[in-house]
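Colleague: Mind having a look at this structure? Questions to follow.
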Amino acid sequence: MDPMYHDDDGEHRIRVLFNDPIHKEEIVGNKNIITQIEETKVRTNGAVIIIISMIGIIPPEKQRITPCAVKETWVDPTQLDLEKAKARIKENLKRQFTLILPQTQKKISRYNDRDRGPIRVEMDCSPNKVFSACDQVRKNVGKASRVIFYYNGHGAMPCAHPSSENGKCIWVVNGTIMHYTVLPLTTLMEKLEAPALYIWDCDNAGLIVQRFNEIAREKKEAWKNGCRDTPEPRFEEECLHLAACSKDQVLPQNPEMPADLYTSCLTSTVRTALHYWFHQQKITNIHIIDCIEYLDNIPGKYSARSTMAGELDWVLTAVLDTLAWQIEPDYDRFKELFRNCKPVGFLFRGHILADRVMRAYNVAPVTHPRLPSLAGHPLWRSWDLALDSIMTELSLRKIRPTRPALHGQISTFFFDQLTEFKVNLTQYGKYDKVDSRQLPVLLQMLMSAQYRTETLELVGKFLDRGPYAVQKFLDVGILPYIRQLLTTTTRDYKYIMVLIWAKILATDRRHSTADVVLNQPECRRFFVNMLNDPDMRLQTRAMSCFCLSILAKNSQKNQEILLGENLIKELDDCLMDMSSPNKSSKLQNCAVLCLANLWDHNEKALWASVRANTIDTHVIRLLDHPHPETRTSAVYALGTFLNTRRKESDHGESIEHRIASNLLKTCGDGSPLVRKEVVVALSRYVQQYEQRFQSAAVTVNDEMMTIRQRVSICEDEESVSTSPSLELSRNKKLALKNTLLSPQSRLTSGNKFVETWKCLKGLEKDPHQEVRELAAKVIFYIEKNIPKLHNSRKSSETAIGSDSSPESRSSPGSNLSNLGVMGPTSPIVYHYSQYSSKRTIFGKGPKFEEYEEERPPTHPEESAAQIVRTEFPDWCEASFAKPLLTKGQESDPNSELFVHNQIRDRKHAEKKRKARAELEKRGHEKIEAQIFGIKHNSRPHRVNFHPFEPYIYVVDDTYCSILDFECSQTVHKFECCGRRGSARDAILLNPHKKPFLCVVNNEAEVFVWRAFEDPQTFSLATAFKAFAEGVNKKIPMILNYGEFTSNLFVTGQLKRIVSWNLVKETRYPDIQTMTEMPLTAMTVFDRTTPGSGDHQENLLLAGFYDGVCKLFDLRNPTHSQIVQRFGESVRSKSTSVVNVHIKPNNDNKIIYTAHSSGDMCFWDLRKSKCGGGQNRYQPLAHEAPKTLSVVNNNLKTVAFHNYAPVMACGCHDQGIRIWNIWGDKLNDIKFHEGFMGQRVGPSISLAFHPFDYKLVSAGLDNCVTVYGKSTQPQSLRY
């Protein structure tokens, strides 16, 4: 429901109208939905390991220091026999790559022959053995899998040697002779093929990468210029490279570190990081020396996070993952290198460590694709701190063996990162993007039960930031871990898990994401069970329902899976539990939309709902729901039902006809959103029975021609006189015409297709542009194939455009539309056909400016259901991508908008309080100084003040002009009454907070404009037809609004006042006036007791053409709402009521009425007799009122001030007279001020400023003037 605004004085509790998202937001779907199909992930299933160590031999042209690094795979070959050392090195390296490639362990066990396995290790081998290993591994893993090629050239000559063709070859050993020979890169590329990952651990490795890419580009260029029978070579795109050093660099030879330092960083990250840290820190930290024995023997296992070794591995993995997340701005490349393939991600994360370690020895590793260096990133300090903490603890234990073990983690790394992320969420504004650098750390923390609950809460808050956060979340790769938590039974996780998945599914629509949930029975049951969990909040149940709705959308396979979970019954139970209108509207919307997605092109789900009686019991019932959004959801679901059935069935047809009949009842809904969805739903009905609707269109055309002939008889007999003595006869003739046009007189009455067609014709002339567009498309789709209607439509447009006879001010066709029957000869005018502001003297109304554009094009094969659609369901889904955990800016005390609104409200309340105190004393001051004047372009119908800005609004037939009477300028001017009809009355809604301008035209169409005073932000809040039946243009159109009840009252018909609730956007029961006389004046008085929600007063005062006034108590039932009737004494003078008024603070129970005879009557309700029952008032028993004669006759307009005891009277003798309520005449206004000021014209509209002592007047001379107490005129423009 809309929030309520409280005045400081407690007099009113006013609802803020049109403040829901459906009114403030554009009804469009989420523009950031992820729909692209993921590329096929390349698996890494094999490795070729080539080691050229030549232990004990120093290669030519290679310099070594003494002592130098000798360890290979943490084995010192100088301490072992040569063959044993080689075997140990090969075994260790193979074991390391087997751990990197866990999927190869099963394959290795299948092969007894080592040469046939997915991992081949060759040491000091010839080129033929290298090629054989490449062929064998590629054959084993397949052409689609990636192969790792590892080359250790510590015992080989530099690749820049002239014999290696300047880097286009690598060095190997020539068999048993043990001589060096070259292995061409071109041949290696052809043997190993792509995709592949090359690791070069040798001197001048960067040159190999450079030459490799040059060869790859040459091959592609040769393929483009030559024969293309073979596939395009993609070595550069599909081959990855990790090189230990750059071009012209040699490997570090620090004897305290291993010789294969780069390989150690890739394969044994924790151990290498410990040794590097130790050798960097041992000089400054004396305690570190005591821990040298722990470098290779950290207590615990790396797989156990509760141990020291496991904690170190956990922290280092989080650090490297976080650095990887920040190292690559292209997140597609990040997923390719660090997420899509675990072995590749493991090796590239090791490269990040190697980049730091190698650069400490002035060596820069190289990668392809190129990655920037993060050797100096501040996050390395966190890793160093974690190592300091753990190693310090180990040294203290060595000194004090009895030192008790610490429980839990020693390092505070994860706690610090969690705190930093929490601070980021609170530091940034609720609508700003948050730094996501800690997301990989959160991924690691989800694996620990210690941090899981708090981590999930932070993940939920982060995802609540919007689609960009979900995109980051998916890119970092947390989704698989979140899926595993769906099977948990811990209630603490359930709410936040539903929120996380709602955010994910609102943005990610890829089938792979849905399959993550649906492929696991426990996962989909998680959401189904949440629907009717009484322990869960309604918002949580709504999010769960939304998740199921998305999973069922556009996938028959998913629909079948969910039907197997008995989802229809669960949704029925959910809707049954939500039968009260006061329950969560969001949950009802989601449940109905979930039903619609289940029905979509799925007959099995459709008939399951029919058997469960879901349509009649729940969905159709929601068409009367007080929330427009829920009604729209119900209409959408019924439209999906109509669009699904394909097989002919009598039962199915009867259901469709019943649905269509209920949809016709919503054609007059007050919400344009509902009416648009009604058009879309009816288009599905038209699609099912297209031929019958073509017949209905022809039938309606023939019927209208017959009715036009009947109506023309009444048209010829109507009198053109407007004298009061002939009004009764005119009303009788109008009743006769209504009888001819009544449904009982039509031959086609009761035909469901004809009634639907007439409804679509009526929606084609809807006051809202988007509704007109949709209806016009459906009608054009049917009528384009009917030559009879196509030709008659063209001829009618020609006839209407040329008809300007004085006798036909209103043509028969226009009268048909006025009476709620849309004639077939009325032209279809699309939204791009605008009215001209020019009018002919005796014409029917504004002429059409016909553009040369064609009607909306439709493809010949398109159905009616395809040419009309809305984005309402997409908008409903997009609402879950917006913040759900935080309040909106208007309700957030920390937002600028909230503070601005609070300041504005207090300023307005203070102004009102001061105005009341001052204006009540101004009963003897004159209003005679003209402070503003302007000559309007056309005759105004209504003028009034803006309550808190120095503006007046002037409404004429077509336009509304906002004028600044202090600066003497036009602020804004716009068309305010649509493409049909002329404006007749206008009032302000919500004047105390968010003013809306409400305008009604002579076609009973109501338009409500938001921010009407601002040309940049003004928009149409809503537009609807107040009543479609019996529009009588002879009866004045009058608007009035009850601030507390949010009810809008419209006159324009005999015997009743139409009432609309603008919060629910529904029509309330009409107020029966019990008289044949037209209503000429109306006012509403409603308020509540301060501090109470009960109505103290809810009255409507109406004045009629015969001089009688009636007081209605709107709290009573319809048959007993008239509680007061007076004015019989004035009625004898044959006078009509000009205006009625009840002051807002009507403590003295005085009613003011003004009559055209010039009499002002003051009726005292305290003199009425108090009766029992529901009526508080009884007739006044002909008590004579206090009467004041202000003019002799011909009183045209009267204005009463809300707080000051004054009133202004405009009469036919060209003057304005100011009186107070005690009968004292204050002054007359007869001339405009200025040199040779002209005489004031007869007044059309008068209005006092609600909180100031000013008066605005509009006259027949088109002059709009503002008067006040000031003695100096400010701006006159005549």
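Within each chain, counting starts at residue 1; across the structure tokens, chains are named A, B, ... in the order shown, with ligands numbered 1 upward in that order.
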Contacts of region 1253-1255 of chain A at 8 Å or less, counting only C-alpha atoms, minus same-chain residues fewer than 4 places along, as a ChimeraX atom specification?
Modeller: /A:919,927,1204,1246-1249,1266-1269
Colleague: Show me, as a list in words, the residues that have an atom within 6 Å of region 633-635 of chain A when counting only C-alpha atoms, minus same-chain residues fewer than 3 positions from it.
Modeller: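 Answer for this query is Asn589, Val619, Thr630 and Leu638 of chain A.
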Colleague: Could you write those residues out with all heavy atoms, as a short mmCIF file (atom, residue, chain, number, x, y, z; two decimals), in the first residue's frame?
Modeller:
```cif
data_model
loop_
_atom_site.label_atom_id
_atom_site.label_comp_id
_atom_site.auth_asym_id
_atom_site.auth_seq_id
_atom_site.Cartn_x
_atom_site.Cartn_y
_atom_site.Cartn_z
N ASN A 589 1.42 -12.21 -6.74
CA ASN A 589 1.91 -11.95 -8.09
C ASN A 589 2.84 -13.06 -8.55
O ASN A 589 2.72 -13.56 -9.67
CB ASN A 589 2.65 -10.61 -8.15
CG ASN A 589 1.74 -9.44 -7.86
OD1 ASN A 589 0.53 -9.55 -7.92
ND2 ASN A 589 2.34 -8.32 -7.52
N VAL A 619 -7.37 -17.54 -9.82
CA VAL A 619 -6.90 -16.55 -10.79
C VAL A 619 -8.00 -15.55 -11.13
O VAL A 619 -7.78 -14.33 -11.09
CB VAL A 619 -6.37 -17.25 -12.06
CG1 VAL A 619 -5.81 -16.21 -13.03
CG2 VAL A 619 -5.28 -18.26 -11.69
N THR A 630 -1.42 -6.93 -8.96
CA THR A 630 -1.96 -8.29 -8.85
C THR A 630 -3.02 -8.54 -9.90
O THR A 630 -3.10 -9.63 -10.47
CB THR A 630 -2.53 -8.50 -7.43
OG1 THR A 630 -1.53 -8.20 -6.46
CG2 THR A 630 -3.01 -9.92 -7.25
N LEU A 638 -4.27 -15.44 -17.37
CA LEU A 638 -5.41 -15.88 -18.18
C LEU A 638 -5.09 -15.78 -19.67
O LEU A 638 -5.51 -16.61 -20.47
CB LEU A 638 -6.64 -15.05 -17.83
CG LEU A 638 -7.17 -15.22 -16.40
CD1 LEU A 638 -8.33 -14.27 -16.15
CD2 LEU A 638 -7.59 -16.66 -16.15
#
```
Colleague: Just list as a ChimeraX atom specification whatever in region 866-977 of chain A DSSP marks as helix (DSSP H, G or I).
Modeller: /A:866-867,872-881,896-919
Colleague: Can you tell me, as a PyMOL selection string, what residues are no more than 12 Å from Arg138 (chain A) when counting only C-alpha atoms, ignoring any on the same chain fewer than 4 positions away?
Modeller: chain A and resi 44-48+116-120+131-134+142-149+189-196
Colleague: Could you write out the selected residues, including N, CA, C and O atoms, as a compact mmCIF listing (two decimals), in the first residue's frame?
Modeller:
```txt
# COMPACT_ATOMS: atom_id res chain seq x y z
N THR A 44 41.71 -30.16 -19.72
CA THR A 44 43.13 -30.50 -19.81
C THR A 44 43.30 -31.90 -19.23
O THR A 44 43.15 -32.10 -18.03
N ASN A 45 43.63 -32.86 -20.11
CA ASN A 45 43.62 -34.27 -19.70
C ASN A 45 44.96 -34.98 -19.88
O ASN A 45 45.04 -36.19 -19.66
N GLY A 46 45.96 -34.28 -20.33
CA GLY A 46 47.24 -34.96 -20.55
C GLY A 46 48.41 -34.01 -20.46
O GLY A 46 48.25 -32.79 -20.48
N ALA A 47 49.62 -34.60 -20.34
CA ALA A 47 50.83 -33.78 -20.21
C ALA A 47 52.01 -34.52 -20.82
O ALA A 47 52.15 -35.74 -20.66
N VAL A 48 52.85 -33.77 -21.51
CA VAL A 48 54.13 -34.25 -22.03
C VAL A 48 55.22 -33.48 -21.30
O VAL A 48 55.29 -32.24 -21.39
N ARG A 116 52.05 -45.38 -22.56
CA ARG A 116 50.71 -45.23 -23.13
C ARG A 116 49.80 -44.39 -22.24
O ARG A 116 48.64 -44.21 -22.58
N GLY A 117 50.25 -43.89 -21.13
CA GLY A 117 49.41 -43.12 -20.22
C GLY A 117 49.21 -41.69 -20.69
O GLY A 117 49.83 -41.22 -21.64
N PRO A 118 48.31 -40.95 -20.02
CA PRO A 118 48.04 -39.55 -20.39
C PRO A 118 49.15 -38.60 -19.98
O PRO A 118 49.15 -37.45 -20.40
N ILE A 119 50.09 -39.07 -19.16
CA ILE A 119 51.23 -38.23 -18.77
C ILE A 119 52.50 -38.98 -19.16
O ILE A 119 52.77 -40.07 -18.67
N ARG A 120 53.26 -38.37 -20.06
CA ARG A 120 54.52 -38.96 -20.51
C ARG A 120 55.67 -38.09 -20.02
O ARG A 120 55.67 -36.87 -20.20
N PHE A 131 58.43 -36.41 -30.20
CA PHE A 131 57.32 -36.49 -31.12
C PHE A 131 56.43 -37.69 -30.82
O PHE A 131 55.20 -37.61 -30.91
N SER A 132 57.06 -38.79 -30.48
CA SER A 132 56.28 -39.99 -30.13
C SER A 132 55.41 -39.73 -28.91
O SER A 132 54.24 -40.13 -28.86
N ALA A 133 55.98 -39.05 -27.90
CA ALA A 133 55.19 -38.74 -26.70
C ALA A 133 54.03 -37.81 -27.03
O ALA A 133 52.91 -37.99 -26.53
N CYS A 134 54.29 -36.84 -27.89
CA CYS A 134 53.21 -35.91 -28.26
C CYS A 134 52.11 -36.64 -29.01
O CYS A 134 50.91 -36.43 -28.73
N GLY A 142 42.47 -37.01 -27.05
CA GLY A 142 41.56 -36.51 -28.06
C GLY A 142 41.96 -35.13 -28.54
O GLY A 142 42.73 -34.40 -27.89
N LYS A 143 41.42 -34.77 -29.68
CA LYS A 143 41.78 -33.50 -30.30
C LYS A 143 41.14 -32.30 -29.60
O LYS A 143 41.61 -31.17 -29.74
N ALA A 144 40.02 -32.50 -28.87
CA ALA A 144 39.32 -31.38 -28.25
C ALA A 144 39.91 -31.00 -26.90
O ALA A 144 39.63 -29.92 -26.38
N SER A 145 40.72 -31.87 -26.30
CA SER A 145 41.26 -31.61 -24.97
C SER A 145 42.60 -30.88 -25.08
O SER A 145 43.29 -30.96 -26.09
N ARG A 146 42.94 -30.23 -24.01
CA ARG A 146 44.19 -29.50 -23.95
C ARG A 146 45.28 -30.41 -23.39
O ARG A 146 45.04 -31.19 -22.47
N VAL A 147 46.48 -30.25 -23.93
CA VAL A 147 47.65 -31.01 -23.48
C VAL A 147 48.69 -30.02 -22.94
O VAL A 147 48.93 -28.97 -23.54
N ILE A 148 49.27 -30.38 -21.81
CA ILE A 148 50.35 -29.57 -21.23
C ILE A 148 51.68 -30.07 -21.78
O ILE A 148 51.99 -31.27 -21.70
N PHE A 149 52.46 -29.17 -22.32
CA PHE A 149 53.81 -29.49 -22.75
C PHE A 149 54.78 -28.74 -21.84
O PHE A 149 54.85 -27.50 -21.88
N MET A 189 54.67 -28.02 -32.97
CA MET A 189 53.28 -27.52 -33.05
C MET A 189 52.41 -28.46 -33.85
O MET A 189 51.25 -28.73 -33.49
N GLU A 190 52.93 -29.01 -34.94
CA GLU A 190 52.14 -29.91 -35.76
C GLU A 190 51.87 -31.24 -35.05
O GLU A 190 50.81 -31.84 -35.23
N LYS A 191 52.84 -31.69 -34.26
CA LYS A 191 52.66 -32.95 -33.56
C LYS A 191 51.71 -32.81 -32.37
O LYS A 191 50.84 -33.65 -32.15
N LEU A 192 51.92 -31.77 -31.60
CA LEU A 192 51.09 -31.61 -30.39
C LEU A 192 49.72 -31.04 -30.71
O LEU A 192 48.75 -31.30 -29.98
N GLU A 193 49.63 -30.24 -31.77
CA GLU A 193 48.38 -29.61 -32.20
C GLU A 193 47.86 -28.66 -31.11
O GLU A 193 48.49 -28.41 -30.09
N ALA A 194 46.68 -28.13 -31.35
CA ALA A 194 46.03 -27.22 -30.40
C ALA A 194 44.68 -27.82 -29.99
O ALA A 194 44.09 -28.59 -30.75
N PRO A 195 44.22 -27.52 -28.79
CA PRO A 195 44.75 -26.57 -27.79
C PRO A 195 45.85 -27.20 -26.94
O PRO A 195 45.88 -28.42 -26.76
N ALA A 196 46.73 -26.35 -26.43
CA ALA A 196 47.84 -26.82 -25.62
C ALA A 196 48.29 -25.70 -24.69
O ALA A 196 48.01 -24.52 -24.91
```
Colleague: Need the shell around Phe473 (chain A): protein/DNA/RNA residues with any atom at most 8 Å away, counting only C-alpha atoms. Skip same-chain ones fewer than 4 positions apart. Format as a list in words?
Modeller: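 After dropping sequence-adjacent residues, the list is Leu439, Leu463, Ala469, Gly477, Ile478 and Leu479 of chain A.
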Colleague: Which of region 66-267 of chain A end up as strand (DSSP E) when DSSP is run on this backbone - answer as a VMD selection string?
Modeller: chain A and resid 119 to 123 146 to 152 169 to 173 180 to 184 196 to 201 239 to 243
Colleague: For the atom pair CA of Asn1040 (chain A) and CA of Val1084 (chain A), what is the interatomic distance in Å to one decimal place?
Modeller: 6.7 Å
Colleague: My list of candidates is A:Val1108, A:Cys998, A:Met358, A:Ile22. Which is closest to Ser671 (chain A) when distances are computed with only C-alpha atoms?
Modeller: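 Residue with the minimum atom-to-atom distance to Ser671 (chain A): A:Ile22.
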Colleague: I'd like the contact shell of Thr1187 (chain A) - 8 Å cut-off, only C-alpha atoms, skipping same-chain residues fewer than 2 positions apart - returned as JSON, numbers by chain.
Modeller: {"A": [1159, 1160, 1161, 1162, 1185, 1189]}
Colleague: For Met704 (chain A), which residue out of A:Lys758, A:Lys31, A:Lys1149, A:Lys887 is the nearest one, using only C-alpha atoms?
Modeller: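 Looking at the shortest contact to Met704 (chain A), the residue is A:Lys758.
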Colleague: Could you give me, as an MDAnalysis selection string, the residues within 8 Å of Leu963 (chain A), counting only C-alpha atoms and dropping anything in the same chain fewer than 6 positions from it?
Modeller: chainID A and resid 951:954 969:972
Colleague: Which region 320-435 of chain A residues have any atom within 9 Å of an atom of region 293-316 of chain A, and for each, what is the nearest pair of atoms with distance in Å to one decimal, counting only C-alpha atoms, rows sorted by chain and number, as a Markdown table?
Modeller:
```
| residue | atom | partner | partner_atom | distance |
| --- | --- | --- | --- | --- |
| A:Leu320 | CA | A:Leu316 | CA | 6.1 |
| A:Asp321 | CA | A:Leu316 | CA | 8.4 |
| A:Trp383 | CA | A:Leu316 | CA | 6.8 |
| A:Ala386 | CA | A:Leu312 | CA | 7.7 |
| A:Leu387 | CA | A:Leu312 | CA | 7.5 |
| A:Ile390 | CA | A:Met308 | CA | 7.1 |
| A:Met391 | CA | A:Tyr294 | CA | 8.5 |
| A:Leu394 | CA | A:Tyr294 | CA | 8.2 |
| A:His407 | CA | A:Ser306 | CA | 8.9 |
| A:Gly408 | CA | A:Ser306 | CA | 6.7 |
| A:Gln409 | CA | A:Ser306 | CA | 6.9 |
| A:Ile410 | CA | A:Met308 | CA | 8.0 |
| A:Ser411 | CA | A:Glu311 | CA | 8.1 |
| A:Phe413 | CA | A:Val315 | CA | 7.2 |
| A:Phe414 | CA | A:Val315 | CA | 7.8 |
```
Colleague: Report as a list in words all protein, DNA and RNA residues lying within 9 Å of region 1214-1220 of chain A, evaluated on only C-alpha atoms, omitting residues in the same chain fewer than 6 positions from it.
Modeller: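 Contacts, with the query itself left out: Gly923, His924, Lys926, Ile927, Glu928, Val1190, Val1191, Ala1204, Pro1205, Val1206, Met1207, Ala1208, Leu1226, Asn1227, Asp1228, Ile1229, Lys1230, Phe1231, Arg1239, Val1240, Gly1241, Pro1242, Ser1243, Ser1257 and Gly1259 of chain A.
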